[in-house]
$ cat model_20.cif   # mmCIF, C-alpha atoms
data_run
loop_
_atom_site.label_atom_id
_atom_site.label_comp_id
_atom_site.auth_asym_id
_atom_site.auth_seq_id
_atom_site.Cartn_x
_atom_site.Cartn_y
_atom_site.Cartn_z
CA ASP R 1 10.37 -0.80 16.81
CA ALA R 2 12.27 2.10 15.23
CA GLY R 3 12.56 0.33 11.92
CA VAL R 4 15.76 -0.30 9.99
CA ILE R 5 18.40 2.20 11.01
CA GLN R 6 21.25 3.20 8.74
CA SER R 7 24.21 5.44 9.37
CA PRO R 8 25.53 7.77 8.25
CA ARG R 9 22.76 9.39 6.17
CA HIS R 10 25.29 11.17 4.02
CA GLU R 11 28.92 10.40 3.32
CA VAL R 12 31.30 12.44 1.23
CA THR R 13 34.76 11.05 0.71
CA GLU R 14 37.67 11.23 -1.65
CA MET R 15 38.63 8.58 -4.14
CA GLY R 16 40.80 5.90 -2.57
CA GLN R 17 39.43 6.29 0.93
CA GLU R 18 37.72 3.51 2.86
CA VAL R 19 34.00 3.87 3.43
CA THR R 20 31.95 1.95 5.98
CA LEU R 21 28.16 1.96 5.96
CA ARG R 22 26.21 0.63 8.94
CA CYS R 23 22.84 -0.98 9.41
CA LYS R 24 20.69 -2.11 12.31
CA PRO R 25 17.83 -4.37 11.16
CA ILE R 26 14.44 -4.72 12.78
CA SER R 27 14.66 -6.92 15.84
CA GLY R 28 13.56 -10.47 15.09
CA HIS R 29 14.15 -10.26 11.36
CA ASP R 30 16.42 -13.05 10.20
CA TYR R 31 17.14 -11.65 6.73
CA LEU R 32 19.19 -8.59 5.94
CA PHE R 33 19.74 -7.12 2.49
CA TRP R 34 22.10 -4.49 1.09
CA TYR R 35 20.99 -2.62 -2.05
CA ARG R 36 22.50 0.10 -4.19
CA GLN R 37 20.31 2.60 -6.05
CA THR R 38 21.39 4.76 -8.99
CA MET R 39 19.48 6.54 -11.70
CA MET R 40 21.04 4.36 -14.37
CA ARG R 41 20.67 0.94 -12.78
CA GLY R 42 17.81 1.36 -10.35
CA LEU R 43 17.76 -0.68 -7.14
CA GLU R 44 20.26 -3.53 -7.23
CA LEU R 45 20.68 -6.26 -4.64
CA LEU R 46 24.30 -6.50 -3.53
CA ILE R 47 24.21 -9.19 -0.86
CA TYR R 48 21.88 -10.72 1.67
CA PHE R 49 22.30 -12.54 4.97
CA ASN R 50 20.27 -15.14 6.79
CA ASN R 51 20.93 -15.49 10.50
CA ASN R 52 24.15 -13.50 10.07
CA VAL R 53 25.47 -15.77 7.31
CA PRO R 54 25.94 -14.40 3.77
CA ILE R 55 23.64 -16.33 1.42
CA ASP R 56 24.00 -14.60 -1.93
CA ASP R 57 26.73 -12.11 -2.71
CA SER R 58 26.49 -12.39 -6.48
CA GLY R 59 25.51 -8.74 -6.72
CA MET R 60 28.66 -7.42 -5.07
CA PRO R 61 30.33 -5.51 -7.89
CA GLU R 62 33.95 -6.34 -7.15
CA ASP R 63 36.45 -7.21 -4.48
CA ARG R 64 36.53 -3.65 -3.25
CA PHE R 65 33.15 -4.30 -1.67
CA SER R 66 32.73 -6.44 1.43
CA ALA R 67 29.90 -6.96 3.90
CA LYS R 68 29.75 -8.45 7.35
CA MET R 69 27.13 -9.25 9.91
CA PRO R 70 28.85 -9.98 13.22
CA ASN R 71 25.56 -10.34 15.10
CA ALA R 72 21.82 -10.25 14.56
CA SER R 73 21.55 -6.51 15.19
CA PHE R 74 24.38 -5.08 13.13
CA SER R 75 25.79 -5.20 9.63
CA THR R 76 28.40 -3.24 7.71
CA LEU R 77 29.10 -2.64 4.04
CA LYS R 78 32.65 -1.57 3.35
CA ILE R 79 34.18 -0.14 0.19
CA GLN R 80 37.95 -0.06 0.03
CA PRO R 81 39.26 1.75 -1.92
CA SER R 82 36.31 3.86 -2.98
CA GLU R 83 35.91 5.20 -6.53
CA PRO R 84 33.69 7.94 -8.00
CA ARG R 85 31.53 5.33 -9.73
CA ASP R 86 30.56 3.99 -6.31
CA SER R 87 28.55 7.17 -5.72
CA ALA R 88 24.96 6.07 -5.10
CA VAL R 89 22.38 5.64 -2.38
CA TYR R 90 22.91 2.45 -0.40
CA PHE R 91 19.93 0.87 1.31
CA CYS R 92 19.72 -1.76 3.96
CA ALA R 93 16.51 -3.78 4.32
CA SER R 94 15.36 -6.57 6.59
CA SER R 95 12.59 -9.13 6.51
CA ALA R 96 11.24 -11.94 8.65
CA LEU R 97 10.97 -14.38 5.75
CA PRO R 98 13.19 -15.39 2.85
CA PRO R 99 12.49 -13.80 -0.54
CA GLY R 100 11.03 -16.99 -1.95
CA ALA R 101 8.61 -17.59 0.91
CA LEU R 102 5.07 -18.23 -0.26
CA ALA R 103 3.66 -16.36 2.66
CA LYS R 104 3.36 -12.62 2.42
CA ASN R 105 6.88 -11.30 2.59
CA ILE R 106 7.69 -7.64 3.09
CA GLN R 107 11.07 -5.98 3.05
CA TYR R 108 11.49 -3.02 5.38
CA PHE R 109 13.99 -0.48 4.15
CA GLY R 110 16.12 2.00 6.01
CA ALA R 111 16.36 5.63 4.94
CA GLY R 112 19.57 4.94 3.04
CA THR R 113 23.09 6.36 2.95
CA ARG R 114 23.87 8.78 0.16
CA LEU R 115 27.51 8.24 -0.77
CA SER R 116 29.47 10.73 -2.83
CA VAL R 117 33.01 9.81 -3.84
CA LEU R 118 34.93 12.79 -5.22
CA SER F 1 18.14 -13.31 -14.86
CA GLN F 2 14.99 -11.27 -14.80
CA LYS F 3 14.65 -7.95 -16.54
CA ILE F 4 12.00 -5.61 -15.22
CA GLU F 5 10.85 -2.57 -17.13
CA GLN F 6 8.98 0.39 -15.76
CA ASN F 7 8.32 3.58 -17.65
CA SER F 8 11.24 5.86 -16.89
CA GLU F 9 9.29 8.94 -17.89
CA ALA F 10 7.34 10.64 -15.15
CA LEU F 11 3.58 10.31 -15.20
CA ASN F 12 1.79 13.62 -14.75
CA ILE F 13 -1.91 13.55 -13.96
CA GLN F 14 -4.57 15.80 -12.54
CA GLU F 15 -5.91 15.34 -9.03
CA GLY F 16 -8.95 13.10 -8.96
CA LYS F 17 -7.96 11.09 -12.01
CA THR F 18 -6.80 7.48 -12.01
CA ALA F 19 -3.08 6.89 -12.30
CA THR F 20 -1.96 3.70 -14.02
CA LEU F 21 1.62 2.49 -13.80
CA THR F 22 3.07 -0.43 -15.74
CA CYS F 23 5.58 -3.12 -14.83
CA ASN F 24 6.76 -5.52 -17.52
CA TYR F 25 9.08 -8.44 -16.99
CA THR F 26 10.93 -10.93 -19.14
CA ASN F 27 11.98 -14.53 -18.74
CA TYR F 28 10.34 -16.70 -16.15
CA SER F 29 7.09 -15.92 -14.44
CA PRO F 30 7.52 -14.69 -10.90
CA ALA F 31 6.08 -16.36 -7.87
CA TYR F 32 4.72 -12.99 -6.86
CA LEU F 33 5.00 -9.31 -7.54
CA GLN F 34 5.17 -6.44 -5.07
CA TRP F 35 4.69 -2.71 -5.41
CA TYR F 36 6.57 -0.21 -3.28
CA ARG F 37 6.36 3.55 -2.87
CA GLN F 38 9.49 5.66 -2.51
CA ASP F 39 9.54 9.29 -1.44
CA PRO F 40 12.60 11.53 -1.99
CA GLY F 41 15.32 10.83 0.56
CA ARG F 42 13.53 7.76 1.91
CA GLY F 43 13.63 4.04 1.42
CA PRO F 44 10.93 2.11 -0.45
CA VAL F 45 7.79 1.25 1.51
CA PHE F 46 5.71 -1.84 0.74
CA LEU F 47 2.21 -1.28 -0.64
CA LEU F 48 0.74 -4.43 -2.17
CA LEU F 49 1.61 -7.99 -3.11
CA ILE F 50 -0.02 -10.12 -5.80
CA ARG F 51 0.68 -13.81 -6.43
CA GLU F 52 0.95 -15.54 -9.79
CA ASN F 53 -2.44 -17.23 -9.37
CA GLU F 54 -4.20 -13.98 -8.54
CA LYS F 55 -5.59 -11.66 -11.19
CA GLU F 56 -6.30 -8.63 -9.06
CA LYS F 57 -5.69 -7.21 -5.59
CA ARG F 58 -7.18 -4.14 -3.98
CA LYS F 59 -6.35 -2.00 -0.99
CA GLU F 60 -8.35 1.18 -0.45
CA ARG F 61 -7.68 3.36 -3.53
CA LEU F 62 -4.99 1.01 -4.85
CA LYS F 63 -5.49 -1.83 -7.30
CA VAL F 64 -2.93 -4.20 -8.78
CA THR F 65 -3.47 -6.60 -11.66
CA PHE F 66 -1.22 -9.40 -12.82
CA ASP F 67 -1.29 -10.90 -16.32
CA THR F 68 1.18 -13.77 -16.66
CA THR F 69 0.40 -14.12 -20.37
CA LEU F 70 1.39 -10.53 -21.09
CA LYS F 71 4.12 -10.68 -18.41
CA GLN F 72 2.76 -7.47 -16.99
CA SER F 73 1.44 -5.92 -13.81
CA LEU F 74 -0.60 -2.74 -13.68
CA PHE F 75 -0.81 -0.53 -10.61
CA HIS F 76 -3.77 1.82 -10.33
CA ILE F 77 -4.42 4.68 -7.93
CA THR F 78 -7.99 5.90 -8.16
CA ALA F 79 -9.08 9.39 -7.13
CA SER F 80 -5.44 10.42 -7.05
CA GLN F 81 -4.26 13.12 -4.66
CA PRO F 82 -1.15 15.33 -4.63
CA ALA F 83 0.01 13.28 -1.61
CA ASP F 84 0.25 10.27 -3.94
CA SER F 85 3.14 11.94 -5.76
CA ALA F 86 6.15 9.67 -5.38
CA THR F 87 8.16 7.05 -7.24
CA TYR F 88 6.57 3.63 -7.46
CA LEU F 89 8.70 0.50 -7.82
CA CYS F 90 7.67 -2.99 -8.71
CA ALA F 91 9.60 -6.00 -7.44
CA LEU F 92 9.29 -9.63 -8.29
CA VAL F 93 10.47 -12.88 -6.80
CA GLN F 94 10.86 -16.15 -8.64
CA TYR F 95 10.57 -19.55 -7.08
CA ASN F 96 13.94 -21.09 -6.27
CA PHE F 97 15.85 -17.88 -6.89
CA ASN F 98 15.26 -16.42 -3.48
CA LYS F 99 15.93 -12.83 -4.35
CA PHE F 100 13.98 -9.70 -5.19
CA TYR F 101 14.37 -8.04 -8.59
CA PHE F 102 13.36 -4.38 -8.59
CA GLY F 103 12.36 -2.16 -11.46
CA SER F 104 13.82 1.34 -11.74
CA GLY F 105 10.52 2.90 -10.77
CA THR F 106 8.13 5.41 -12.30
CA LYS F 107 7.71 8.87 -10.85
CA LEU F 108 4.12 9.98 -10.41
CA ASN F 109 3.22 13.66 -10.19
CA VAL F 110 -0.35 14.46 -9.19
CA LYS F 111 -1.20 18.09 -9.80
CA PRO F 112 -3.89 19.90 -7.81
#
$ encode --input "model_20.cif" --output "structure tokens"
Amino acid sequence: DAGVIQSPRHEVTEMGQEVTLRCKPISGHDYLFWYRQTMMRGLELLIYFNNNVPIDDSGMPEDRFSAKMPNASFSTLKIQPSEPRDSAVYFCASSALPPGALAKNIQYFGAGTRLSVL
Amino acid sequence: SQKIEQNSEALNIQEGKTATLTCNYTNYSPAYLQWYRQDPGRGPVFLLLIRENEKEKRKERLKVTFDTTLKQSLFHITASQPADSATYLCALVQYNFNKFYFGSGTKLNVKP
């Protein structure tokens, strides 16, 4: 498997524009996670899905952010309208087990999308 | 919610020495703790997992300890090499919360 695939790798946009980040999880993984990483706040969980259904979106900063998972092999994170404070690296990760599983549970991360909002 | 603290200052050590990184947490004890490695421009990569009833885990040159009394995990790299230079993140999961909490990471620089 090619691992978790994210696109684009880099995105530069102007304030107010819509931004869409894409993710393809590892085949067979039922859990998909979106994270945001900044120097100030570290790696923050935004939302995660189980079998394409959003389970916990408590980390989504505000209504400008939305995430979808139309099928098991694709997810999007959309920011509309974007603001300079949204500049960060956004990671997608997938796993075969839920976070609270007692069995060994590993999250596999994509390479991330570096977003710059000017 | 959980608060996880890792030393934000970079750790600089000489090749061959043992690197020790610290992860402290507050509030409830986690079900387990994980350590990840992150290289520049890449996503975190899983290294080791330790459960709340385990004191120590080893994998090759890596060792993780877990002290639930101190609310602390230590991550050791013995015989460190320049290739070990990276940022190391700890992550914990609590029972019934079903989410990962990540620390901000500590950057390790191993000098030849």
$ resolve_selection --input "model_20.cif" --expression "the PyMOL selection byres ((chain F) within 6 of (chain R))" --output "list in words"
Arg42, Gly43, Tyr95, Asn98, Lys99, Phe102 and Ser104 of chain F
$ residues_around --input "model_20.cif" --residues "segment 71-85 of chain R" --least-positions-apart "2" --cutoff "10 Å" --atoms "all atoms listed in the file" --output "ChimeraX atom specification"
/R:4-7,13-34,46-47,49-53,62-69,87-88,90,92,115-118
$ residues_around --input "model_20.cif" --residues "Ile4 of chain F" --least-positions-apart "6" --cutoff "7 Å" --atoms "all atoms listed in the file" --output "list of chain:residue names"
F:Cys23, F:Asn24, F:Tyr25, F:Thr26, F:Phe102, F:Gly103
$ residues_around --input "model_20.cif" --residues "Glu54 of chain F" --least-positions-apart "6" --cutoff "10 Å" --atoms "only C-alpha atoms" --output "number ranges by chain"
F: 32, 64-68
$ residues_around --input "model_20.cif" --residues "Val110 of chain F" --least-positions-apart "6" --cutoff "10 Å" --atoms "all atoms listed in the file" --output "PyMOL selection string"
chain F and resi 11-19+80-86
$ residues_near_point --input "model_20.cif" --point "(-8.7, -5.7, -10.4)" --cutoff "12 Å" --atoms "all atoms listed in the file" --output "list in words"
Ile50, Glu54, Lys55, Glu56, Lys57, Arg58, Lys59, Arg61, Leu62, Lys63, Val64, Thr65, Phe66, Asp67, Ser73, Leu74, Phe75, His76, Ile77 and Thr78 of chain F
$ residues_around --input "model_20.cif" --residues "Thr87 of chain F" --least-positions-apart "3" --cutoff "8 Å" --atoms "all atoms listed in the file" --output "VMD selection string"
chain F and resid 37 to 39 105 to 108
